Every structure is written in structure tokens, then in C-alpha cells.
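input18.pdb follows (PDB, C-alpha atoms):
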```
ATOM      1  CA  GLY A   1      -0.592  41.093  -1.191
ATOM      2  CA  LYS A   2       1.081  41.207  -4.589
ATOM      3  CA  ALA A   3       0.896  37.419  -5.005
ATOM      4  CA  MET A   4      -2.865  37.345  -4.573
ATOM      5  CA  LYS A   5      -3.260  40.351  -6.895
ATOM      6  CA  TYR A   6      -1.439  38.512  -9.677
ATOM      7  CA  PHE A   7      -3.368  35.325  -9.054
ATOM      8  CA  ILE A   8      -6.731  37.097  -9.175
ATOM      9  CA  LEU A   9      -5.726  38.745 -12.453
ATOM     10  CA  ALA A  10      -4.780  35.390 -13.917
ATOM     11  CA  ALA A  11      -7.672  33.405 -12.420
ATOM     12  CA  SER A  12     -10.126  34.444 -15.110
ATOM     13  CA  GLU A  13      -7.919  32.844 -17.734
ATOM     14  CA  ARG A  14      -6.429  29.698 -16.202
ATOM     15  CA  TYR A  15      -7.514  27.038 -13.765
ATOM     16  CA  THR A  16      -3.920  26.673 -12.530
ATOM     17  CA  ALA A  17      -4.169  30.089 -10.890
ATOM     18  CA  GLN A  18      -7.605  29.228  -9.488
ATOM     19  CA  PHE A  19      -6.166  26.028  -8.015
ATOM     20  CA  TYR A  20      -3.241  27.839  -6.395
ATOM     21  CA  ILE A  21      -5.498  30.497  -4.895
ATOM     22  CA  GLY A  22      -7.399  27.613  -3.300
ATOM     23  CA  LEU A  23      -4.116  26.092  -2.127
ATOM     24  CA  MET A  24      -2.995  29.378  -0.618
ATOM     25  CA  PHE A  25      -6.227  29.662   1.405
ATOM     26  CA  ASP A  26      -6.135  25.952   2.268
ATOM     27  CA  ASP A  27      -2.568  26.015   3.635
ATOM     28  CA  GLY A  28      -2.374  29.656   4.731
ATOM     29  CA  LEU A  29       0.384  30.465   2.247
ATOM     30  CA  GLY A  30       0.743  34.251   2.330
ATOM     31  CA  VAL A  31      -2.896  34.694   3.400
ATOM     32  CA  VAL A  32      -5.027  33.895   6.437
ATOM     33  CA  ARG A  33      -6.106  30.243   6.222
ATOM     34  CA  ASP A  34      -9.738  30.026   5.129
ATOM     35  CA  GLU A  35     -11.046  26.602   4.083
ATOM     36  CA  LYS A  36     -14.349  28.061   2.843
ATOM     37  CA  LYS A  37     -12.509  30.270   0.369
ATOM     38  CA  ALA A  38     -10.261  27.328  -0.496
ATOM     39  CA  ALA A  39     -13.343  25.245  -1.319
ATOM     40  CA  TYR A  40     -14.719  28.049  -3.527
ATOM     41  CA  TRP A  41     -11.532  28.299  -5.582
ATOM     42  CA  TYR A  42     -11.002  24.533  -5.745
ATOM     43  CA  ARG A  43     -14.561  24.101  -7.012
ATOM     44  CA  LEU A  44     -14.069  26.822  -9.650
ATOM     45  CA  ALA A  45     -10.788  25.277 -10.820
ATOM     46  CA  ALA A  46     -12.330  21.796 -10.857
ATOM     47  CA  GLU A  47     -15.227  23.005 -13.002
ATOM     48  CA  ASN A  48     -12.619  24.309 -15.435
ATOM     49  CA  GLY A  49     -10.756  21.010 -15.611
ATOM     50  CA  SER A  50      -8.224  20.879 -12.755
ATOM     51  CA  CYS A  51      -7.945  17.319 -11.495
ATOM     52  CA  GLU A  52      -5.745  18.482  -8.588
ATOM     53  CA  ALA A  53      -8.434  20.933  -7.465
ATOM     54  CA  GLN A  54     -11.093  18.225  -7.745
ATOM     55  CA  ASN A  55      -8.968  15.987  -5.528
ATOM     56  CA  ASN A  56      -8.362  18.722  -2.943
ATOM     57  CA  LEU A  57     -12.077  19.536  -2.886
ATOM     58  CA  GLY A  58     -12.638  15.870  -2.113
ATOM     59  CA  VAL A  59     -10.227  16.144   0.812
ATOM     60  CA  LEU A  60     -12.252  19.063   2.198
ATOM     61  CA  TYR A  61     -15.460  17.035   1.923
ATOM     62  CA  TYR A  62     -13.717  14.115   3.634
ATOM     63  CA  THR A  63     -12.471  16.228   6.543
ATOM     64  CA  GLY A  64     -15.462  18.577   6.725
ATOM     65  CA  LYS A  65     -13.240  21.659   6.506
ATOM     66  CA  GLY A  66     -14.755  24.584   4.603
ATOM     67  CA  VAL A  67     -17.733  22.444   3.554
ATOM     68  CA  PRO A  68     -20.133  20.117   5.393
ATOM     69  CA  GLN A  69     -18.490  16.711   5.863
ATOM     70  CA  ASN A  70     -19.802  14.326   3.220
ATOM     71  CA  HIS A  71     -17.943  11.111   2.430
ATOM     72  CA  GLU A  72     -20.156  10.374  -0.575
ATOM     73  CA  LYS A  73     -19.249  13.717  -2.155
ATOM     74  CA  ALA A  74     -15.608  13.121  -1.262
ATOM     75  CA  CYS A  75     -15.822   9.802  -3.090
ATOM     76  CA  GLN A  76     -17.383  11.476  -6.137
ATOM     77  CA  CYS A  77     -14.621  14.101  -6.229
ATOM     78  CA  PHE A  78     -11.862  11.509  -5.870
ATOM     79  CA  GLN A  79     -13.429   9.274  -8.524
ATOM     80  CA  GLN A  80     -13.787  12.086 -11.050
ATOM     81  CA  SER A  81     -10.264  13.304 -10.374
ATOM     82  CA  ALA A  82      -8.938   9.746 -10.695
ATOM     83  CA  ASP A  83     -10.811   9.416 -13.997
ATOM     84  CA  TRP A  84      -8.824  12.470 -15.101
ATOM     85  CA  VAL A  85      -5.694  10.445 -14.268
ATOM     86  CA  CYS A  86      -4.848  12.050 -10.916
ATOM     87  CA  GLU A  87      -2.971   9.304  -9.063
ATOM     88  CA  THR A  88      -3.253  11.110  -5.719
ATOM     89  CA  ALA A  89      -7.048  11.028  -6.031
ATOM     90  CA  LYS A  90      -6.844   7.304  -6.780
ATOM     91  CA  ALA A  91      -4.791   6.837  -3.606
ATOM     92  CA  ASN A  92      -7.357   8.830  -1.621
ATOM     93  CA  LEU A  93     -10.181   6.786  -3.128
ATOM     94  CA  ALA A  94      -8.358   3.643  -2.027
ATOM     95  CA  CYS A  95      -8.391   4.995   1.527
ATOM     96  CA  LEU A  96     -12.176   5.326   1.360
ATOM     97  CA  TYR A  97     -12.455   1.687   0.281
ATOM     98  CA  HIS A  98     -10.173   0.719   3.158
ATOM     99  CA  GLU A  99     -12.291   2.652   5.657
ATOM    100  CA  GLY A 100     -15.677   1.921   4.086
ATOM    101  CA  LYS A 101     -16.591   5.610   4.027
ATOM    102  CA  GLY A 102     -18.769   6.756   1.129
ATOM    103  CA  VAL A 103     -18.296   3.344  -0.512
ATOM    104  CA  PRO A 104     -18.665  -0.285   0.649
ATOM    105  CA  LYS A 105     -15.566  -1.449   2.530
ATOM    106  CA  ASP A 106     -13.283  -3.451   0.239
ATOM    107  CA  GLU A 107      -9.782  -4.201   1.573
ATOM    108  CA  ILE A 108      -8.654  -6.056  -1.546
ATOM    109  CA  LYS A 109      -9.646  -3.200  -3.847
ATOM    110  CA  ALA A 110      -8.035  -0.700  -1.479
ATOM    111  CA  PHE A 111      -4.724  -2.573  -1.461
ATOM    112  CA  THR A 112      -4.745  -3.121  -5.227
ATOM    113  CA  MET A 113      -5.417   0.555  -5.968
ATOM    114  CA  THR A 114      -2.788   1.699  -3.452
ATOM    115  CA  SER A 115      -0.184  -0.644  -4.937
ATOM    116  CA  GLU A 116      -0.960   0.589  -8.449
ATOM    117  CA  CYS A 117      -0.508   4.197  -7.343
ATOM    118  CA  ALA A 118       2.754   3.391  -5.585
ATOM    119  CA  GLU A 119       4.088   1.703  -8.728
ATOM    120  CA  THR A 120       3.645   4.966 -10.659
ATOM    121  CA  GLY A 121       5.826   6.744  -8.099
ATOM    122  CA  ASN A 122       2.913   8.784  -6.729
ATOM    123  CA  LEU A 123       3.779  10.090  -3.258
ATOM    124  CA  ALA A 124       0.345   9.510  -1.734
ATOM    125  CA  GLY A 125       0.307   5.963  -3.082
ATOM    126  CA  ARG A 126       3.823   5.225  -1.843
ATOM    127  CA  TYR A 127       3.094   6.631   1.612
ATOM    128  CA  ASN A 128      -0.271   4.871   1.909
ATOM    129  CA  LEU A 129       1.395   1.584   0.961
ATOM    130  CA  ALA A 130       3.883   2.124   3.778
ATOM    131  CA  LEU A 131       0.948   2.740   6.136
ATOM    132  CA  TYR A 132      -0.643  -0.490   4.942
ATOM    133  CA  TRP A 133       2.440  -2.514   5.862
ATOM    134  CA  ARG A 134       2.794  -0.620   9.127
ATOM    135  CA  HIS A 135      -0.769  -0.726  10.435
ATOM    136  CA  VAL A 136      -2.925  -3.115   8.400
ATOM    137  CA  ASN A 137      -0.535  -6.014   7.879
ATOM    138  CA  PRO A 138       2.400  -5.491  10.279
ATOM    139  CA  THR A 139       3.048  -9.211  10.827
ATOM    140  CA  HIS A 140       4.188  -9.534   7.197
ATOM    141  CA  SER A 141       6.181  -6.305   7.045
ATOM    142  CA  ASP A 142       9.795  -5.327   7.565
ATOM    143  CA  GLU A 143      10.024  -2.341   9.931
ATOM    144  CA  GLN A 144      13.211  -1.032   8.338
ATOM    145  CA  LYS A 145      11.743  -1.308   4.852
ATOM    146  CA  THR A 146       8.570   0.453   5.978
ATOM    147  CA  LEU A 147      10.620   3.195   7.643
ATOM    148  CA  GLN A 148      12.650   3.670   4.460
ATOM    149  CA  MET A 149       9.463   3.989   2.405
ATOM    150  CA  ILE A 150       8.269   6.752   4.759
ATOM    151  CA  LYS A 151      11.684   8.454   4.666
ATOM    152  CA  ASP A 152      11.710   8.404   0.862
ATOM    153  CA  CYS A 153       8.321  10.121   0.781
ATOM    154  CA  ALA A 154       9.436  12.639   3.398
ATOM    155  CA  ASN A 155      12.608  13.405   1.443
ATOM    156  CA  ASP A 156      10.393  14.101  -1.565
ATOM    157  CA  GLY A 157       8.537  16.695   0.523
ATOM    158  CA  TYR A 158       5.344  14.746   1.315
ATOM    159  CA  ARG A 159       3.960  16.445   4.423
ATOM    160  CA  PRO A 160       2.102  13.473   6.006
ATOM    161  CA  ALA A 161       5.302  11.413   5.784
ATOM    162  CA  ILE A 162       7.314  14.209   7.399
ATOM    163  CA  GLU A 163       4.766  14.462  10.226
ATOM    164  CA  ASP A 164       4.940  10.682  10.629
ATOM    165  CA  LEU A 165       8.733  10.732  10.935
ATOM    166  CA  ILE A 166       8.531  13.389  13.640
ATOM    167  CA  THR A 167       6.333  11.027  15.660
ATOM    168  CA  VAL A 168       8.642   8.073  14.927
ATOM    169  CA  TYR A 169      11.643   9.893  16.374
ATOM    170  CA  GLU A 170       9.783  11.560  19.230
ATOM    171  CA  LYS A 171       8.256   8.300  20.453
ATOM    172  CA  GLY A 172      10.818   5.760  19.261
ATOM    173  CA  GLU A 173       8.740   3.744  16.764
ATOM    174  CA  LEU A 174       9.485   1.359  13.875
ATOM    175  CA  GLY A 175      12.539   0.024  15.676
ATOM    176  CA  GLU A 176      14.086   3.490  16.004
ATOM    177  CA  PRO A 177      15.244   4.925  19.351
ATOM    178  CA  VAL A 178      13.957   8.296  20.526
ATOM    179  CA  ASN A 179      16.007  10.917  18.686
ATOM    180  CA  GLU A 180      15.172  14.556  19.375
ATOM    181  CA  THR A 181      17.783  15.774  16.889
ATOM    182  CA  LEU A 182      16.142  13.938  13.987
ATOM    183  CA  ALA A 183      12.684  14.975  15.213
ATOM    184  CA  ARG A 184      13.787  18.625  15.096
ATOM    185  CA  HIS A 185      15.294  18.101  11.650
ATOM    186  CA  TRP A 186      11.960  16.941  10.251
ATOM    187  CA  LYS A 187      10.090  19.701  12.094
ATOM    188  CA  ASP A 188      12.291  22.193  10.275
ATOM    189  CA  ARG A 189      11.306  20.557   6.991
ATOM    190  CA  LEU A 190       7.658  21.272   7.777
ATOM    191  CA  ASP A 191       8.477  24.986   7.655
ATOM    192  CA  GLN A 192       9.526  24.613   4.008
ATOM    193  CA  PRO A 193       6.401  23.248   2.276
ATOM    194  CA  GLN A 194       6.800  22.226  -1.366
ATOM    195  CA  ALA A 195       3.546  24.000  -2.152
ATOM    196  CA  LEU A 196       5.115  27.310  -1.148
ATOM    197  CA  THR A 197       7.937  26.776  -3.643
ATOM    198  CA  GLU A 198       5.399  26.000  -6.365
ATOM    199  CA  VAL A 199       3.318  29.068  -5.491
ATOM    200  CA  LYS A 200       6.376  31.326  -5.610
ATOM    201  CA  ALA A 201       7.311  29.924  -9.015
ATOM    202  CA  LEU A 202       3.834  30.587 -10.382
ATOM    203  CA  ILE A 203       3.786  34.059  -8.824
ATOM    204  CA  TYR A 204       6.990  34.852 -10.706
ATOM    205  CA  GLN A 205       5.632  33.443 -13.967
ATOM    206  CA  ILE A 206       2.347  35.350 -13.743
ATOM    207  CA  GLY A 207       4.131  38.503 -12.554
ATOM    208  CA  GLN A 208       6.417  38.393 -15.569
ATOM    209  CA  GLU A 209       3.421  38.052 -17.880
ATOM    210  CA  GLN A 210       1.613  40.945 -16.215
ATOM    211  CA  THR A 211       4.730  43.122 -16.466
ATOM    212  CA  GLN A 212       5.051  42.364 -20.168
ATOM    213  CA  ASN A 213       1.393  43.217 -20.741
ATOM    214  CA  THR A 214       1.631  46.643 -19.081
TER
END
```

Give the structure from the file, written as C-alpha cells.
Amino acid sequence: GKAMKYFILAASERYTAQFYIGLMFDDGLGVVRDEKKAAYWYRLAAENGSCEAQNNLGVLYYTGKGVPQNHEKACQCFQQSADWVCETAKANLACLYHEGKGVPKDEIKAFTMTSECAETGNLAGRYNLALYWRHVNPTHSDEQKTLQMIKDCANDGYRPAIEDLITVYEKGELGEPVNETLARHWKDRLDQPQALTEVKALIYQIGQEQTQNT
């Protein structure tokens, strides 16, 4: 609709618009979800300097959505994005080292990179560090501390953490009893993605510019 019209108009001039068009197709924000179109726009934005788009393109290569699955290409995207100082890409690259996909398995490097990302306050790094204590080294972890780390990320709008909390309260994990009320609370949060707020803000900004130019 109008949002996509404004984005297309702006896409020739800024990679931010190109990135958000990709995000809209990737998440189905105001358009029918289409990972192939998301990959096209992410690639275009990445070629124009968007580290976020380069990271998201890496995610598509990792999952095989919209592009053929290729862990080596995912690694290349994450590495380039991380070189552009995208901490989320660095956290994703750490996951590849943990799994040994696209790169030789290296648990020490994975943990070091994840910890460094978490120290910057990056949501992906903070959440992945919580996953490390929960799944990789649970004997040396504090369940309540791990749960709080996940809650903090969820409260900051990080979708994987929100999805994790839903499971925690539906199944009674991390020392928590089954709690359908809290599970529903976090399910409601999934209906309010942070990306949608960001897209609306950019729609308004671009719309104002287009209005002034007409």
C-alpha cells in the first residue's frame, strides 16, 4: 500500500529504505511474506553499505529461506557485517563457530565472541550468552540468573527471547512453574514486533519528505 509506495520512492536514494523493504517482506509487515523478495532487497541494501541488511542476508543463507541454504555464504555475510561493526552479526558468527557450520567448530572462540557482544549490550549477544549458560554449560549456571537474562532481552523486544519465555511458562522450565497467564502475556508481545514500530516511524519520515517535495 502507501508504505511500500513511499519505500520504493526512497529506495533509489537510501539503503535504509532498501533494508526496510527487505524487512517488510521478511517478516510480512504490511505485505505478504516473501523471503525471495526479502533476499533481493537485503542484497541491494548490503551492496550499498547496510551492515544490518548484510547480517539479515546471512540469516537467510543460514536458514535456506529465500535463497539456497549455504552456511559458507552465511559465514561470509556475518563476517563482513561484523567487520562493519554490526554486533548482531558477530553474535550470529559466534553461533556458527559453536555449531561448526561454515567454519571449523571452535567453542572457545564462540564463547569469547558471544561474551564480547553481550558486554556491548547487544540483544543477540545477551540472549545467546543466556543460551550458553542454559544449554552448553548448565552445571555452572544459575537458573534464576539465566531466566532474568532472557527476560531482560524479551523486555527489550527481542523476539527469540520472547518465544523462549512462552515455552518456559508453557512447559514449566528454568525452575518456573507452568503459568498460562504469563505465557499469554508474552504471546501478546509477539503481536507487537519492534520492527513494525521502526517501519512505521520510517514510513512517517519518508512520507513527510515526499509531501514536502510535491

Centre, edges in Å (one decimal): axis-aligned box, region 126-142 of chain A, 6 Å padding on all six sides, as JSON:
```
{"center_x": 3.4, "center_y": -1.5, "center_z": 4.5, "size_x": 24.7, "size_y": 28.2, "size_z": 24.7}
```

Counting only C-alpha atoms, what is within 12 Å of Arg33 (chain A), bar same-chain residues fewer than 4 positions away, as a VMD selection string?
chain A and resid 21 to 29 37 to 39 65 to 66

Give me, as a PyMOL selection string, all polymer residues having an atom no more than 9 Å from region 84-92 of chain A, counting only C-alpha atoms and skipping those fewer than 6 positions away in the same chain.
chain A and resi 49-52+54-56+58-59+75+77-78+110+113-118+120+122-126+128

At what distance in Å, to one decimal, does CA of Tyr40 (chain A) lie from CA of Val67 (chain A)?
9.5 Å

Give me the result of the PyMOL selection byres ((chain A and resi 45) around 8) on this file, residue by residue, as a PDB file with C-alpha atoms, keeping the file's coordinate frame.
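Writing done, so here's part-v8.pdb:
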```pdb
ATOM      1  CA  TYR A  15      -7.514  27.038 -13.765  1.00  0.00           C
ATOM      2  CA  THR A  16      -3.920  26.673 -12.530  1.00  0.00           C
ATOM      3  CA  GLN A  18      -7.605  29.228  -9.488  1.00  0.00           C
ATOM      4  CA  PHE A  19      -6.166  26.028  -8.015  1.00  0.00           C
ATOM      5  CA  TRP A  41     -11.532  28.299  -5.582  1.00  0.00           C
ATOM      6  CA  TYR A  42     -11.002  24.533  -5.745  1.00  0.00           C
ATOM      7  CA  ARG A  43     -14.561  24.101  -7.012  1.00  0.00           C
ATOM      8  CA  LEU A  44     -14.069  26.822  -9.650  1.00  0.00           C
ATOM      9  CA  ALA A  46     -12.330  21.796 -10.857  1.00  0.00           C
ATOM     10  CA  GLU A  47     -15.227  23.005 -13.002  1.00  0.00           C
ATOM     11  CA  ASN A  48     -12.619  24.309 -15.435  1.00  0.00           C
ATOM     12  CA  GLY A  49     -10.756  21.010 -15.611  1.00  0.00           C
ATOM     13  CA  SER A  50      -8.224  20.879 -12.755  1.00  0.00           C
ATOM     14  CA  ALA A  53      -8.434  20.933  -7.465  1.00  0.00           C
ATOM     15  CA  GLN A  54     -11.093  18.225  -7.745  1.00  0.00           C
TER      16      GLN A  54
END
```

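CA of Cys95 (chain A) lies 16.5 Å from CA of Glu119 (chain A).
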
Report the distance between CA of Trp133 (chain A) and CA of Glu173 (chain A) in Å, rounded to one decimal place.
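Taking CA of Trp133 (chain A) and CA of Glu173 (chain A), their separation equals 14.1 Å.
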
Ranking A:Ala82, A:Ala183, A:Met149, A:Leu93 by minimum distance to Ala130 (chain A) and counting all atoms listed in the file, which one comes first?
A:Met149

Spatial sel., origin (11.8, 9.9, 2.3), limit 12 Å, only C-alpha atoms, listed as a list in words:
Leu123, Arg126, Tyr127, Ala130, Lys145, Thr146, Leu147, Gln148, Met149, Ile150, Lys151, Asp152, Cys153, Ala154, Asn155, Asp156, Gly157, Tyr158, Arg159, Pro160, Ala161, Ile162, Glu163, Asp164, Leu165, Trp186 and Arg189 of chain A

Taking only C-alpha atoms into account, which of A:Asp83, A:Thr167, A:Leu129, A:Glu35 comes nearest Gly64 (chain A)?
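Ranked by minimum distance to Gly64 (chain A), first place goes to A:Glu35.
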
Might you spell out which residues the PyMOL selection byres ((chain A and resi 73) around 10) would select in the displayed file, as a count of residues only?
18

For Asn137 (chain A), which residue among A:Gly121, A:Phe111, A:Val31, A:Ala17 is the nearest when counting all atoms listed in the file?
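Using all atoms listed in the file, Asn137 (chain A) sits closest to A:Phe111.
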
Looking at A:Ile108, A:Val32, A:Ile166, A:Val178, which one is nearest to Tyr132 (chain A), with distances taken over only C-alpha atoms?
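Checking each candidate against Tyr132 (chain A), we get A:Ile108 as the closest.
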
Got a moment to write region 141-164 of chain A out with N, CA and C atoms, as a tab-separated table (two decimals), in the first residue's frame?
```tsv
chain	number	residue	atom	x	y	z
A	141	SER	N	25.69	-22.85	35.87
A	141	SER	CA	24.81	-21.69	35.69
A	141	SER	C	23.79	-21.61	36.82
A	142	ASP	N	23.25	-20.43	36.98
A	142	ASP	CA	22.20	-20.16	37.95
A	142	ASP	C	20.90	-19.99	37.16
A	143	GLU	N	19.92	-20.89	37.38
A	143	GLU	CA	18.70	-20.85	36.58
A	143	GLU	C	17.99	-19.52	36.67
A	144	GLN	N	17.94	-18.93	37.86
A	144	GLN	CA	17.25	-17.66	38.03
A	144	GLN	C	17.98	-16.53	37.30
A	145	LYS	N	19.31	-16.58	37.32
A	145	LYS	CA	20.08	-15.57	36.61
A	145	LYS	C	19.90	-15.72	35.11
A	146	THR	N	19.90	-16.96	34.64
A	146	THR	CA	19.68	-17.21	33.21
A	146	THR	C	18.30	-16.74	32.79
A	147	LEU	N	17.29	-17.05	33.62
A	147	LEU	CA	15.92	-16.63	33.31
A	147	LEU	C	15.83	-15.12	33.26
A	148	GLN	N	16.51	-14.42	34.17
A	148	GLN	CA	16.47	-12.97	34.18
A	148	GLN	C	17.13	-12.38	32.94
A	149	MET	N	18.21	-13.02	32.48
A	149	MET	CA	18.87	-12.57	31.25
A	149	MET	C	17.91	-12.67	30.07
A	150	ILE	N	17.15	-13.78	30.01
A	150	ILE	CA	16.18	-13.97	28.92
A	150	ILE	C	15.06	-12.95	29.04
A	151	LYS	N	14.58	-12.72	30.28
A	151	LYS	CA	13.51	-11.74	30.49
A	151	LYS	C	13.95	-10.34	30.07
A	152	ASP	N	15.18	-9.98	30.41
A	152	ASP	CA	15.69	-8.65	30.05
A	152	ASP	C	15.68	-8.46	28.54
A	153	CYS	N	16.10	-9.51	27.83
A	153	CYS	CA	16.10	-9.43	26.36
A	153	CYS	C	14.67	-9.35	25.81
A	154	ALA	N	13.78	-10.13	26.42
A	154	ALA	CA	12.38	-10.11	25.99
A	154	ALA	C	11.75	-8.75	26.25
A	155	ASN	N	12.05	-8.16	27.40
A	155	ASN	CA	11.51	-6.84	27.72
A	155	ASN	C	12.02	-5.77	26.76
A	156	ASP	N	13.19	-6.02	26.18
A	156	ASP	CA	13.75	-5.10	25.19
A	156	ASP	C	13.23	-5.39	23.79
A	157	GLY	N	12.29	-6.35	23.68
A	157	GLY	CA	11.63	-6.63	22.41
A	157	GLY	C	12.30	-7.65	21.53
A	158	TYR	N	13.25	-8.45	22.09
A	158	TYR	CA	13.97	-9.42	21.25
A	158	TYR	C	13.11	-10.66	21.06
A	159	ARG	N	12.68	-10.87	19.83
A	159	ARG	CA	11.68	-11.91	19.53
A	159	ARG	C	12.09	-13.32	19.97
A	160	PRO	N	13.32	-13.79	19.69
A	160	PRO	CA	13.67	-15.14	20.14
A	160	PRO	C	13.56	-15.32	21.65
A	161	ALA	N	13.87	-14.26	22.41
A	161	ALA	CA	13.76	-14.34	23.86
A	161	ALA	C	12.29	-14.42	24.28
A	162	ILE	N	11.44	-13.66	23.60
A	162	ILE	CA	10.00	-13.71	23.90
A	162	ILE	C	9.47	-15.11	23.62
A	163	GLU	N	9.84	-15.68	22.48
A	163	GLU	CA	9.39	-17.04	22.13
A	163	GLU	C	9.89	-18.05	23.16
A	164	ASP	N	11.11	-17.83	23.65
A	164	ASP	CA	11.68	-18.72	24.66
A	164	ASP	C	10.88	-18.65	25.96
```
